[in-house]
file upload31.txt (compact mmCIF, C-alpha atoms)
# COMPACT_ATOMS: atom_id res chain seq x y z
CA MET A 1 34.15 -12.94 -15.23
CA PHE A 2 30.67 -11.54 -15.38
CA VAL A 3 29.56 -13.96 -18.05
CA THR A 4 30.83 -16.98 -16.21
CA GLN A 5 29.17 -15.98 -12.96
CA ALA A 6 25.88 -15.32 -14.64
CA PHE A 7 26.12 -18.68 -16.35
CA ALA A 8 26.94 -20.33 -13.06
CA GLN A 9 23.88 -18.73 -11.46
CA ASP A 10 21.83 -20.02 -14.29
CA GLY A 11 23.16 -23.46 -13.60
CA GLU A 12 22.16 -23.27 -9.96
CA ALA A 13 18.77 -21.84 -10.69
CA THR A 14 17.89 -24.75 -12.90
CA GLY A 15 19.31 -27.14 -10.36
CA SER A 16 22.12 -28.43 -12.54
CA ALA A 17 25.59 -28.40 -11.14
CA GLN A 18 27.52 -27.90 -14.32
CA THR A 19 30.72 -26.06 -13.75
CA THR A 20 31.90 -23.80 -16.47
CA ALA A 21 35.06 -22.27 -17.80
CA PRO A 22 37.69 -24.22 -15.88
CA GLY A 23 40.67 -22.18 -14.92
CA VAL A 24 38.74 -19.11 -13.85
CA PRO A 25 38.94 -18.97 -10.03
CA GLY A 26 35.43 -17.60 -9.60
CA ALA A 27 33.94 -20.38 -11.63
CA VAL A 28 35.49 -23.04 -9.41
CA HIS A 29 34.05 -21.37 -6.35
CA GLN A 30 30.64 -21.13 -8.00
CA GLY A 31 30.85 -24.73 -8.94
CA THR A 32 31.44 -25.88 -5.37
CA VAL A 33 28.52 -23.83 -4.09
CA ALA A 34 26.33 -25.15 -6.82
CA HIS A 35 27.41 -28.64 -5.95
CA THR A 36 26.53 -28.37 -2.27
CA GLU A 37 23.18 -26.78 -3.11
CA HIS A 38 22.43 -29.52 -5.55
CA LYS A 39 22.86 -32.00 -2.75
CA GLU A 40 20.33 -30.09 -0.60
CA GLY A 41 18.10 -29.39 -3.57
CA PHE A 42 16.25 -26.20 -4.41
CA PRO A 43 15.46 -24.86 -0.91
CA PRO A 44 11.70 -24.44 -1.28
CA PHE A 45 11.42 -28.06 -2.42
CA ASN A 46 13.78 -29.48 0.18
CA PRO A 47 11.65 -31.78 2.34
CA GLU A 48 14.19 -31.78 5.14
CA TYR A 49 12.53 -28.79 6.81
CA PHE A 50 8.91 -29.55 5.90
CA PRO A 51 7.91 -30.90 9.34
CA SER A 52 9.58 -28.00 11.09
CA GLN A 53 7.92 -25.42 8.85
CA ILE A 54 4.49 -26.99 9.21
CA LEU A 55 4.82 -27.25 12.97
CA TRP A 56 6.02 -23.71 13.44
CA LEU A 57 3.42 -22.37 11.04
CA ALA A 58 0.75 -24.21 13.02
CA ILE A 59 2.07 -22.81 16.30
CA THR A 60 2.53 -19.23 15.11
CA PHE A 61 -0.64 -19.06 13.05
CA GLY A 62 -2.59 -20.74 15.84
CA VAL A 63 -1.36 -18.18 18.35
CA PHE A 64 -2.02 -15.38 15.85
CA TYR A 65 -5.56 -16.59 15.20
CA TRP A 66 -6.27 -16.94 18.91
CA LEU A 67 -4.91 -13.48 19.65
CA LEU A 68 -6.87 -11.85 16.86
CA LYS A 69 -10.10 -13.65 17.60
CA ASN A 70 -10.09 -13.19 21.37
CA VAL A 71 -8.16 -10.02 22.02
CA ILE A 72 -7.58 -7.78 19.07
CA MET A 73 -10.69 -8.11 16.93
CA PRO A 74 -13.18 -7.60 19.78
CA ARG A 75 -11.19 -4.50 20.60
CA ILE A 76 -11.27 -3.08 17.06
CA GLY A 77 -14.91 -4.12 16.71
CA GLY A 78 -15.67 -2.39 19.99
CA ILE A 79 -13.99 0.79 18.84
CA LEU A 80 -15.92 0.81 15.56
CA GLU A 81 -19.18 -0.06 17.31
CA ASN A 82 -18.59 2.68 19.82
CA ARG A 83 -17.97 5.17 17.05
CA ARG A 84 -21.06 4.08 15.13
CA ASP A 85 -23.17 4.43 18.27
CA ARG A 86 -21.70 7.81 19.02
CA ILE A 87 -22.34 9.04 15.49
CA ALA A 88 -25.90 7.71 15.59
CA LEU A 89 -26.46 9.40 18.94
CA ASP A 90 -25.03 12.67 17.69
CA LEU A 91 -27.17 12.53 14.57
CA GLU A 92 -30.20 11.82 16.72
CA ALA A 93 -29.37 14.74 18.98
CA ALA A 94 -28.88 16.98 15.96
CA GLU A 95 -32.22 15.83 14.57
CA ARG A 96 -33.89 16.52 17.90
CA MET A 97 -32.32 19.95 18.09
CA ARG A 98 -33.46 20.74 14.60
CA SER A 99 -37.03 19.74 15.38
CA ASP A 100 -36.79 21.83 18.56
CA ALA A 101 -35.62 24.78 16.52
CA ASP A 102 -38.45 24.20 14.03
CA GLU A 103 -40.94 24.09 16.88
CA ALA A 104 -39.52 27.25 18.38
CA GLU A 105 -39.72 28.96 15.05
CA ALA A 106 -43.32 27.88 14.57
CA ALA A 107 -44.17 29.08 18.08
CA TYR A 108 -42.47 32.36 17.36
CA GLU A 109 -44.37 32.78 14.12
CA GLN A 110 -47.61 31.99 15.84
CA GLU A 111 -46.92 34.39 18.66
CA LEU A 112 -45.99 37.05 16.17
CA ALA A 113 -49.24 36.54 14.30
CA GLU A 114 -51.20 36.63 17.55
CA ALA A 115 -49.46 39.78 18.62
CA ARG A 116 -50.18 41.34 15.27
CA ASN A 117 -53.85 40.41 15.58
CA ARG A 118 -53.97 41.77 19.07
CA ALA A 119 -52.35 44.98 17.99
CA HIS A 120 -54.89 45.26 15.20
CA SER A 121 -57.80 44.73 17.54
CA ILE A 122 -56.39 47.15 20.09
CA ALA A 123 -55.98 49.78 17.42
CA HIS A 124 -59.47 49.07 16.18
CA GLU A 125 -60.94 49.31 19.66
CA ALA A 126 -59.11 52.51 20.33
CA LYS A 127 -60.37 53.96 17.12
CA GLU A 128 -63.89 52.84 17.88
CA SER A 129 -63.86 54.22 21.39
CA ALA A 130 -62.34 57.45 20.19
CA ARG A 131 -65.06 57.75 17.60
CA SER A 132 -67.83 56.97 20.04
CA ASP A 133 -66.35 59.44 22.55
CA ALA A 134 -66.25 62.09 19.92
CA GLU A 135 -69.83 61.28 18.93
CA LYS A 136 -70.97 61.49 22.54
CA GLU A 137 -69.15 64.76 23.03
CA ARG A 138 -70.67 66.12 19.87
CA LYS A 139 -74.16 65.11 21.00
CA ARG A 140 -73.59 66.66 24.39
CA LEU A 141 -72.41 69.87 22.82
CA ASP A 142 -75.33 69.81 20.40
CA GLY A 143 -77.72 69.42 23.31
CA GLU A 144 -76.07 72.22 25.21
CA LEU A 145 -76.12 74.49 22.23
CA ASP A 146 -79.78 73.67 21.56
CA LYS A 147 -80.59 74.45 25.14
CA LYS A 148 -78.71 77.72 24.98
CA LEU A 149 -80.42 78.54 21.73
CA GLU A 150 -83.82 77.86 23.25
CA GLU A 151 -82.97 79.97 26.25
CA ALA A 152 -81.78 82.74 24.03
CA GLN A 153 -84.92 82.51 21.92
CA ALA A 154 -87.06 82.53 25.06
CA ARG A 155 -85.20 85.53 26.33
CA ILE A 156 -85.58 87.25 22.95
CA ALA A 157 -89.31 86.48 23.00
CA GLY A 158 -89.61 87.91 26.56
CA VAL A 159 -87.65 90.98 25.63
CA LYS A 160 -89.71 91.33 22.48
CA GLY A 161 -92.99 91.00 24.49
CA SER A 162 -91.91 93.55 27.07
CA ALA A 163 -90.68 95.88 24.36
CA LEU A 164 -93.99 95.58 22.51
CA ALA A 165 -95.81 96.35 25.76
CA GLU A 166 -93.69 99.37 26.22
CA VAL A 167 -94.42 100.42 22.58
CA ASP A 168 -98.18 100.48 23.40
CA GLN A 169 -97.53 102.69 26.38
CA ILE A 170 -95.23 104.95 24.28
CA ALA A 171 -97.87 105.19 21.51
CA ARG A 172 -100.51 106.13 24.12
CA ASP A 173 -98.26 108.70 25.67
CA VAL A 174 -97.36 110.07 22.21
CA THR A 175 -101.02 110.17 21.20
CA ASP A 176 -102.00 111.90 24.45
CA THR A 177 -99.22 114.41 24.03
CA ILE A 178 -100.04 115.05 20.34
CA LEU A 179 -103.75 115.45 21.16
CA ARG A 180 -103.05 117.85 23.98
CA GLU A 181 -100.32 119.93 22.33
CA VAL A 182 -101.58 119.94 18.69
CA ALA A 183 -105.37 119.59 18.89
CA SER A 184 -105.72 120.71 22.48
CA ILE A 185 -108.14 117.96 23.00
CA GLU A 186 -108.38 116.46 26.43
CA ALA A 187 -108.98 112.78 25.99
CA SER A 188 -109.30 110.25 28.67
CA GLN A 189 -106.79 107.55 29.04
CA ASP A 190 -109.35 104.90 28.06
CA GLU A 191 -110.27 106.63 24.79
CA ILE A 192 -106.60 106.94 23.84
CA ALA A 193 -105.93 103.32 24.65
CA ASN A 194 -108.86 102.24 22.48
CA ALA A 195 -107.77 104.47 19.64
CA VAL A 196 -104.18 103.20 19.76
CA ALA A 197 -105.40 99.63 19.87
CA GLN A 198 -107.61 100.26 16.84
CA ALA A 199 -104.81 101.99 14.94
CA GLY A 200 -102.40 99.19 15.72
CA ARG A 201 -104.68 96.62 14.26
CA MET B 1 27.38 -22.89 4.22
CA ALA B 2 29.36 -20.76 1.82
CA TYR B 3 27.91 -17.31 1.30
CA ASP B 4 27.83 -15.91 -2.19
CA PRO B 5 26.60 -12.33 -2.54
CA ILE B 6 25.02 -12.78 -5.95
CA ASP B 7 23.51 -16.22 -5.54
CA PRO B 8 19.76 -15.64 -6.10
CA ILE B 9 18.78 -18.87 -4.37
CA HIS B 10 20.67 -18.25 -1.16
CA GLN B 11 17.92 -16.09 0.28
CA PHE B 12 15.60 -19.09 0.38
CA GLN B 13 18.00 -21.26 2.40
CA ILE B 14 16.68 -22.51 5.68
CA PHE B 15 19.07 -23.16 8.54
CA ARG B 16 18.56 -24.34 12.06
CA ILE B 17 18.76 -21.84 14.88
CA VAL B 18 17.65 -24.15 17.69
CA PRO B 19 17.81 -27.79 16.65
CA ILE B 20 14.83 -29.74 17.97
CA LYS B 21 14.43 -33.39 17.14
CA ILE B 22 11.47 -35.47 18.25
CA GLY B 23 11.81 -39.09 17.25
CA SER B 24 12.82 -39.15 13.63
CA TRP B 25 11.12 -35.77 13.00
CA ASP B 26 13.10 -32.59 12.74
CA PHE B 27 11.15 -29.75 14.34
CA SER B 28 14.11 -27.38 14.58
CA PHE B 29 13.49 -23.72 15.20
CA THR B 30 14.78 -22.36 11.89
CA ASN B 31 15.12 -18.92 10.38
CA SER B 32 11.76 -19.59 8.70
CA ALA B 33 10.19 -20.23 12.10
CA LEU B 34 11.89 -17.13 13.45
CA PHE B 35 10.29 -15.00 10.78
CA MET B 36 6.91 -16.63 11.33
CA VAL B 37 7.21 -15.65 15.00
CA LEU B 38 8.35 -12.17 14.03
CA THR B 39 5.47 -11.79 11.58
CA VAL B 40 2.93 -12.79 14.20
CA ALA B 41 4.56 -10.73 16.94
CA VAL B 42 4.88 -7.58 14.84
CA THR B 43 1.37 -7.84 13.37
CA ALA B 44 -0.36 -8.64 16.62
CA GLY B 45 1.77 -6.08 18.42
CA PHE B 46 0.93 -3.40 15.89
CA LEU B 47 -2.79 -4.15 15.92
CA TYR B 48 -2.79 -4.21 19.72
CA TYR B 49 -0.61 -1.17 20.21
CA THR B 50 -2.40 1.11 17.74
CA THR B 51 -5.79 0.43 19.32
CA ARG B 52 -4.60 1.09 22.89
CA GLY B 53 -6.16 4.55 22.91
CA ARG B 54 -9.54 3.30 21.64
CA GLY B 55 -9.80 6.74 20.11
CA LEU B 56 -13.12 7.97 18.89
CA VAL B 57 -11.10 9.91 16.37
CA PRO B 58 -8.44 7.41 15.26
CA SER B 59 -4.75 8.15 15.24
CA ARG B 60 -2.71 7.28 12.16
CA GLY B 61 -1.83 3.81 13.39
CA GLN B 62 -5.37 3.15 14.52
CA SER B 63 -6.59 4.21 11.08
CA ILE B 64 -4.38 1.59 9.45
CA THR B 65 -5.70 -1.06 11.80
CA GLU B 66 -9.32 -0.02 11.28
CA LEU B 67 -8.90 0.23 7.52
CA SER B 68 -7.45 -3.27 7.24
CA TYR B 69 -10.18 -4.56 9.55
CA GLU B 70 -13.03 -2.99 7.58
CA PHE B 71 -11.37 -3.81 4.26
CA THR B 72 -11.32 -7.50 5.17
CA ALA B 73 -14.82 -7.32 6.60
CA ASN B 74 -16.20 -5.82 3.39
CA MET B 75 -14.29 -8.32 1.28
CA LEU B 76 -15.79 -11.22 3.23
CA ARG B 77 -19.29 -9.73 3.32
CA ASP B 78 -19.25 -9.11 -0.43
CA ALA B 79 -18.07 -12.63 -1.21
CA ALA B 80 -19.90 -14.74 1.35
CA GLY B 81 -22.69 -12.54 2.70
CA THR B 82 -23.56 -11.90 6.33
CA ALA B 83 -23.48 -15.62 7.10
CA GLY B 84 -19.80 -15.61 6.24
CA MET B 85 -18.96 -13.15 9.01
CA LYS B 86 -18.40 -16.01 11.46
CA PHE B 87 -15.21 -16.69 9.50
CA PHE B 88 -14.07 -13.10 9.83
CA PRO B 89 -11.34 -13.79 12.41
CA PHE B 90 -10.05 -16.61 10.23
CA VAL B 91 -9.96 -14.55 7.04
CA PHE B 92 -8.50 -11.56 8.83
CA SER B 93 -5.76 -13.72 10.36
CA ILE B 94 -4.89 -15.21 6.98
CA PHE B 95 -4.90 -11.85 5.24
CA MET B 96 -2.77 -10.11 7.85
CA PHE B 97 -0.38 -13.04 8.20
CA VAL B 98 0.24 -13.38 4.46
CA LEU B 99 0.40 -9.62 3.94
CA VAL B 100 2.93 -9.01 6.68
CA ALA B 101 4.96 -12.11 5.78
CA ASN B 102 5.11 -10.91 2.17
CA LEU B 103 6.08 -7.38 3.16
CA PHE B 104 8.67 -8.69 5.61
CA GLY B 105 10.24 -10.48 2.67
CA MET B 106 10.87 -7.12 1.04
CA MET B 107 13.25 -6.09 3.82
CA PRO B 108 16.93 -6.72 3.07
CA TYR B 109 18.31 -9.84 4.79
CA PHE B 110 14.82 -10.89 5.83
CA PHE B 111 13.58 -14.36 5.11
CA THR B 112 10.35 -14.65 3.11
CA VAL B 113 8.13 -17.18 4.85
CA THR B 114 5.67 -17.33 1.96
CA SER B 115 8.38 -18.15 -0.58
CA HIS B 116 8.27 -21.76 0.57
CA LEU B 117 5.66 -23.94 -1.07
CA ILE B 118 5.08 -26.00 2.04
CA VAL B 119 4.01 -22.92 4.02
CA THR B 120 1.59 -21.62 1.41
CA PHE B 121 0.33 -25.15 0.80
CA ALA B 122 -0.29 -25.63 4.50
CA LEU B 123 -2.26 -22.37 4.58
CA ALA B 124 -4.22 -23.37 1.47
CA MET B 125 -4.98 -26.79 2.94
CA LEU B 126 -6.13 -25.09 6.13
CA VAL B 127 -8.56 -23.00 4.09
CA ILE B 128 -9.84 -25.98 2.10
CA SER B 129 -10.16 -28.09 5.27
CA VAL B 130 -12.22 -25.37 6.90
CA VAL B 131 -14.38 -25.21 3.78
CA VAL B 132 -14.92 -28.98 3.61
CA VAL B 133 -15.42 -29.54 7.33
CA TYR B 134 -17.78 -26.60 7.76
CA GLY B 135 -19.63 -27.46 4.55
CA LEU B 136 -20.19 -31.06 5.66
CA MET B 137 -21.17 -30.03 9.18
CA LYS B 138 -23.59 -27.38 8.02
CA HIS B 139 -25.15 -29.06 5.02
CA GLY B 140 -24.27 -32.76 5.35
CA LEU B 141 -24.37 -34.56 2.03
CA HIS B 142 -26.11 -31.55 0.51
CA PHE B 143 -22.63 -30.01 0.45
CA PHE B 144 -21.82 -32.19 -2.56
CA HIS B 145 -24.38 -30.26 -4.59
CA LEU B 146 -21.41 -27.97 -4.99
CA PHE B 147 -20.24 -30.35 -7.71
CA VAL B 148 -23.62 -30.48 -9.46
CA PRO B 149 -24.46 -27.14 -11.03
CA PRO B 150 -28.19 -26.73 -11.65
CA GLY B 151 -29.61 -26.64 -15.15
CA VAL B 152 -27.09 -28.99 -16.75
CA PRO B 153 -28.44 -31.59 -19.22
CA ALA B 154 -28.28 -35.16 -17.85
CA ALA B 155 -26.04 -36.27 -20.68
CA LEU B 156 -23.41 -33.74 -19.76
CA LEU B 157 -23.73 -34.20 -16.02
CA PRO B 158 -20.94 -36.77 -15.50
CA LEU B 159 -18.50 -34.64 -17.43
CA VAL B 160 -19.49 -31.45 -15.62
CA VAL B 161 -19.27 -33.16 -12.23
CA LEU B 162 -15.84 -34.50 -13.13
CA ILE B 163 -14.70 -31.01 -14.12
CA GLU B 164 -16.13 -29.53 -10.92
CA VAL B 165 -14.40 -32.16 -8.78
CA VAL B 166 -11.08 -31.61 -10.50
CA SER B 167 -11.43 -27.86 -10.16
CA PHE B 168 -12.24 -28.25 -6.47
CA LEU B 169 -9.25 -30.51 -5.91
CA SER B 170 -6.94 -28.14 -7.75
CA ARG B 171 -7.97 -25.25 -5.54
CA PRO B 172 -5.42 -25.80 -2.76
CA VAL B 173 -2.73 -26.31 -5.38
CA SER B 174 -3.55 -23.17 -7.34
CA LEU B 175 -4.04 -21.16 -4.16
CA SER B 176 -0.68 -22.16 -2.71
CA VAL B 177 1.35 -22.19 -5.93
CA ARG B 178 0.12 -18.73 -6.92
CA LEU B 179 1.38 -17.12 -3.73
CA PHE B 180 4.56 -19.17 -3.53
CA ALA B 181 5.51 -18.67 -7.19
CA ASN B 182 4.86 -14.94 -7.09
CA MET B 183 7.04 -14.45 -4.05
CA LEU B 184 9.77 -16.79 -5.25
CA ALA B 185 9.94 -15.41 -8.78
CA GLY B 186 9.86 -11.80 -7.64
CA HIS B 187 12.65 -12.28 -5.15
CA ILE B 188 14.80 -14.22 -7.60
CA THR B 189 14.32 -11.52 -10.27
CA LEU B 190 15.24 -8.80 -7.82
CA LYS B 191 18.32 -10.66 -6.73
CA VAL B 192 19.44 -11.46 -10.28
CA PHE B 193 19.18 -7.82 -11.34
CA ALA B 194 20.93 -6.70 -8.17
CA GLY B 195 23.61 -9.26 -8.95
CA PHE B 196 24.09 -7.68 -12.37
CA ILE B 197 24.93 -4.40 -10.67
CA VAL B 198 27.63 -6.04 -8.55
CA SER B 199 29.08 -7.97 -11.50
CA LEU B 200 29.00 -5.04 -13.91
CA SER B 201 30.51 -2.52 -11.53
CA ALA B 202 33.46 -4.88 -11.05
CA LEU B 203 34.36 -4.32 -14.72
CA GLY B 204 35.59 -0.75 -14.34
CA THR B 205 34.26 2.61 -15.45
CA LEU B 206 32.25 1.34 -18.38
CA GLY B 207 30.74 -1.36 -16.20
CA ILE B 208 29.76 1.13 -13.52
CA LEU B 209 28.05 3.24 -16.15
CA GLY B 210 26.37 0.15 -17.56
CA SER B 211 25.16 -0.91 -14.13
CA ILE B 212 22.82 2.08 -14.05
CA LEU B 213 20.39 0.12 -16.18
CA PRO B 214 19.97 -2.86 -13.83
CA LEU B 215 19.90 -0.42 -10.90
CA ALA B 216 16.92 1.34 -12.42
CA MET B 217 15.35 -2.06 -13.01
CA VAL B 218 15.89 -3.04 -9.38
CA VAL B 219 14.28 0.17 -8.18
CA ALA B 220 11.27 -0.38 -10.44
CA LEU B 221 11.07 -4.06 -9.52
CA THR B 222 11.19 -3.26 -5.82
CA ALA B 223 8.14 -1.06 -6.22
CA LEU B 224 6.46 -3.78 -8.26
CA GLU B 225 7.32 -6.38 -5.63
CA PHE B 226 5.71 -4.31 -2.89
CA LEU B 227 2.61 -4.18 -5.06
CA VAL B 228 2.77 -7.93 -5.67
CA ALA B 229 3.25 -8.60 -1.95
CA ALA B 230 0.06 -6.71 -1.08
CA LEU B 231 -1.82 -7.96 -4.13
CA GLN B 232 -1.06 -11.62 -3.50
CA ALA B 233 -2.16 -11.33 0.12
CA TYR B 234 -5.40 -9.77 -1.16
CA VAL B 235 -5.87 -12.47 -3.79
CA PHE B 236 -5.26 -15.18 -1.21
CA ALA B 237 -7.82 -13.62 1.12
CA VAL B 238 -10.39 -13.03 -1.63
CA LEU B 239 -10.15 -16.62 -2.84
CA THR B 240 -10.45 -17.79 0.75
CA CYS B 241 -13.67 -15.77 1.01
CA MET B 242 -15.01 -17.28 -2.22
CA TYR B 243 -14.24 -20.83 -1.14
CA LEU B 244 -15.87 -20.15 2.20
CA ASN B 245 -18.90 -18.91 0.31
CA ASP B 246 -19.08 -22.33 -1.35
CA ALA B 247 -19.16 -23.92 2.08
CA ILE B 248 -21.89 -21.57 3.31
CA HIS B 249 -24.07 -21.58 0.17
CA PRO B 250 -23.34 -24.79 -1.80
CA GLY B 251 -25.25 -25.75 -4.91
CA HIS B 252 -26.17 -22.43 -6.44
call {"tool": "encode", "arguments": {"input": "upload31.txt", "output": "structure tokens"}}
result
Amino acid sequence: MFVTQAFAQDGEATGSAQTTAPGVPGAVHQGTVAHTEHKEGFPPFNPEYFPSQILWLAITFGVFYWLLKNVIMPRIGGILENRRDRIALDLEAAERMRSDADEAEAAYEQELAEARNRAHSIAHEAKESARSDAEKERKRLDGELDKKLEEAQARIAGVKGSALAEVDQIARDVTDTILREVASIEASQDEIANAVAQAGR
Amino acid sequence: MAYDPIDPIHQFQIFRIVPIKIGSWDFSFTNSALFMVLTVAVTAGFLYYTTRGRGLVPSRGQSITELSYEFTANMLRDAAGTAGMKFFPFVFSIFMFVLVANLFGMMPYFFTVTSHLIVTFALAMLVISVVVVYGLMKHGLHFFHLFVPPGVPAALLPLVVLIEVVSFLSRPVSLSVRLFANMLAGHITLKVFAGFIVSLSALGTLGILGSILPLAMVVALTALEFLVAALQAYVFAVLTCMYLNDAIHPGH
């Protein structure tokens, strides 16, 4: 059964209408089919439907081409174009933002450096002014001390002068007393003064 | 028309659905025409429907549409350069039509439009006509430099020109026969092996066990046929691009 059918198929495929194995029911059936197909020929080479196929291909492909060209492809192209534009725009925006960030960073760095410089100069100034203040204060104190010293020295000199003057008087009094009590000599005040002055020399 | 389940040729039969006769010409709406209409309707419908959202981020369907669009665009640009892009709608139509017609043929009970030589030949002639007409319009008689390759010794020139002319004339034949024969042979092979399963399993237990082999073959062949269906559509489109390139840049 299987063999005969396969053989019958073979026969059809090559376009020959040989029937095989008479007596087998299936083979007779195959044979009739093969016979009718032989009359029509191998379908793809049957010219009966050529005009119809060409016409319908022309109609359907024509419509397809028109649809694609005028409706569908502009649409797909538009979508892709739109996406490309959008991506380009986004990239541009990203680029711009990055340059903005770079600028901001540079400005920040610069400001930081300026601030650092300013801080340095402020510290320097403060140090300078503190030092000059201290210097001034020191000079003022020096001056005051000098003045006080001078005053003190002047006072010492005055005291010393008055003390020395008093010493003369004491020496005269002592001399007068000694002369009167010990030697019982009455001397005038002028003689005593002269004698003390000579002895002091 | 008697129906035989294991007749491998039956699937290529054409029958009238709406008989139309104009003069002595038979323009009947046949099952072949029906599947041409279906191919166009499904393809155009799919392409139109998937792009309805015009999504910036494409959906799955839109991705398929965009991929096939850019795939064809790159194919044409690679083969024919930027000048060839004016033929993009044409190449895209051909590619999508042949691809979907081939894939439709893989569905059970579906008629394969491209398994008929007249259809593939008509498409091939359309391509060659576009090439010749555009080539003559664009370059005039310079178009025939296509047949005169530069740098050929004068003694050999007649022979070379003859070969070039023959090769040019055989283009529509090779283009159409390649597609037609691939589809036809693949479908016949599939059907024959599937027929073995039916015949073997009628033989009882041993036959059913034996039919596993052709079943495995059919499964493998089906995968192969899907590959062939896509590959042949690609080959058809690539060759179309190359022939168009000849029309755009002849004599190089």
call {"tool": "atom_distance", "arguments": {"input": "upload31.txt", "atom1": "CA of Phe64 (chain A)", "atom2": "CA of Val40 (chain B)"}}
result
5.8 Å
call {"tool": "atom_distance", "arguments": {"input": "upload31.txt", "atom1": "CA of Phe92 (chain B)", "atom2": "CA of Pro43 (chain A)"}}
result
29.1 Å
call {"tool": "atom_distance", "arguments": {"input": "upload31.txt", "atom1": "CA of Ala58 (chain A)", "atom2": "CA of Ser28 (chain B)"}}
result
13.8 Å
call {"tool": "residues_around", "arguments": {"input": "upload31.txt", "residues": "Leu99 (chain B)", "least_positions_apart": "2", "cutoff": "8 Å", "atoms": "only C-alpha atoms", "output": "PDB file with C-alpha atoms, keeping the file's coordinate frame"}}
result
ATOM      1  CA  PHE B  95      -4.900 -11.850   5.240  1.00  0.00           C
ATOM      2  CA  MET B  96      -2.770 -10.110   7.850  1.00  0.00           C
ATOM      3  CA  PHE B  97      -0.380 -13.040   8.200  1.00  0.00           C
ATOM      4  CA  ALA B 101       4.960 -12.110   5.780  1.00  0.00           C
ATOM      5  CA  ASN B 102       5.110 -10.910   2.170  1.00  0.00           C
ATOM      6  CA  LEU B 103       6.080  -7.380   3.160  1.00  0.00           C
ATOM      7  CA  ALA B 229       3.250  -8.600  -1.950  1.00  0.00           C
ATOM      8  CA  ALA B 230       0.060  -6.710  -1.080  1.00  0.00           C
ATOM      9  CA  GLN B 232      -1.060 -11.620  -3.500  1.00  0.00           C
ATOM     10  CA  ALA B 233      -2.160 -11.330   0.120  1.00  0.00           C
ATOM     11  CA  TYR B 234      -5.400  -9.770  -1.160  1.00  0.00           C
TER      12      TYR B 234
END
call {"tool": "closest_residue", "arguments": {"input": "upload31.txt", "among": "B:Tyr134, B:Tyr109, B:Phe147, B:Phe193", "to": "chain A", "atoms": "all atoms listed in the file"}}
result
B:Phe193
call {"tool": "residues_around", "arguments": {"input": "upload31.txt", "residues": "Arg60 (chain B)", "least_positions_apart": "3", "cutoff": "12 Å", "atoms": "all atoms listed in the file", "output": "PyMOL selection string"}}
result
chain B and resi 46+49-51+53+55+57+63-67
call {"tool": "closest_residue", "arguments": {"input": "upload31.txt", "among": "B:Leu169, B:Leu162, B:Val148, B:Val218", "to": "Gly186 (chain B)", "atoms": "all atoms listed in the file"}}
result
B:Val218
call {"tool": "closest_residue", "arguments": {"input": "upload31.txt", "among": "A:Arg98, A:Ile72, A:Gly62, A:Ile185", "to": "chain B", "atoms": "all atoms listed in the file"}}
result
A:Ile72
call {"tool": "residues_around", "arguments": {"input": "upload31.txt", "residues": "Leu68 (chain A)", "least_positions_apart": "2", "cutoff": "12 Å", "atoms": "only C-alpha atoms", "output": "ChimeraX atom specification"}}
result
/A:61-66,70-77 /B:40-41,43-48,65,69,88-97
call {"tool": "closest_residue", "arguments": {"input": "upload31.txt", "among": "B:Glu164, B:Glu70, B:Asp78, B:Asp246", "to": "chain A", "atoms": "only C-alpha atoms"}}
result
B:Glu70
call {"tool": "closest_residue", "arguments": {"input": "upload31.txt", "among": "B:Arg77, B:His139, B:His10, B:His116", "to": "chain A", "atoms": "all atoms listed in the file"}}
result
B:His116
call {"tool": "closest_residue", "arguments": {"input": "upload31.txt", "among": "A:Ile122, A:Ala101, A:Ala163, A:Leu57", "to": "chain B", "atoms": "only C-alpha atoms"}}
result
A:Leu57
call {"tool": "residues_around", "arguments": {"input": "upload31.txt", "residues": "Val18 (chain B)", "least_positions_apart": "4", "cutoff": "12 Å", "atoms": "all atoms listed in the file", "output": "list in words"}}
result
Ser52 of chain A; Asp26, Phe27, Ser28, Phe29, Thr30, Asn31, Ser32, Ala33 and Leu34 of chain B
call {"tool": "axis_aligned_box", "arguments": {"input": "upload31.txt", "around": "region 164-175 of chain A", "padding_each_side": "6 Å", "output": "AutoDock Vina command-line options"}}
result
--center_x -97.4 --center_y 102.9 --center_z 23.8 --size_x 19.3 --size_y 26.6 --size_z 17.2
call {"tool": "residues_around", "arguments": {"input": "upload31.txt", "residues": "Ala79 (chain B)", "least_positions_apart": "6", "cutoff": "8 Å", "atoms": "all atoms listed in the file", "output": "ChimeraX atom specification"}}
result
/B:238,241-242,245
call {"tool": "residues_near_point", "arguments": {"input": "upload31.txt", "point": "(-23.5, -22.6, -1.1)", "cutoff": "10 Å", "atoms": "only C-alpha atoms", "output": "mmCIF file with C-alpha atoms, in the coordinates of the input"}}
result
data_model
loop_
_atom_site.group_PDB
_atom_site.id
_atom_site.type_symbol
_atom_site.label_atom_id
_atom_site.label_comp_id
_atom_site.auth_asym_id
_atom_site.auth_seq_id
_atom_site.Cartn_x
_atom_site.Cartn_y
_atom_site.Cartn_z
ATOM 1 C CA ALA B 80 -19.900 -14.740 1.350
ATOM 2 C CA GLY B 135 -19.630 -27.460 4.550
ATOM 3 C CA HIS B 139 -25.150 -29.060 5.020
ATOM 4 C CA HIS B 142 -26.110 -31.550 0.510
ATOM 5 C CA PHE B 143 -22.630 -30.010 0.450
ATOM 6 C CA PHE B 144 -21.820 -32.190 -2.560
ATOM 7 C CA HIS B 145 -24.380 -30.260 -4.590
ATOM 8 C CA LEU B 146 -21.410 -27.970 -4.990
ATOM 9 C CA TYR B 243 -14.240 -20.830 -1.140
ATOM 10 C CA LEU B 244 -15.870 -20.150 2.200
ATOM 11 C CA ASN B 245 -18.900 -18.910 0.310
ATOM 12 C CA ASP B 246 -19.080 -22.330 -1.350
ATOM 13 C CA ALA B 247 -19.160 -23.920 2.080
ATOM 14 C CA ILE B 248 -21.890 -21.570 3.310
ATOM 15 C CA HIS B 249 -24.070 -21.580 0.170
ATOM 16 C CA PRO B 250 -23.340 -24.790 -1.800
ATOM 17 C CA GLY B 251 -25.250 -25.750 -4.910
ATOM 18 C CA HIS B 252 -26.170 -22.430 -6.440
#
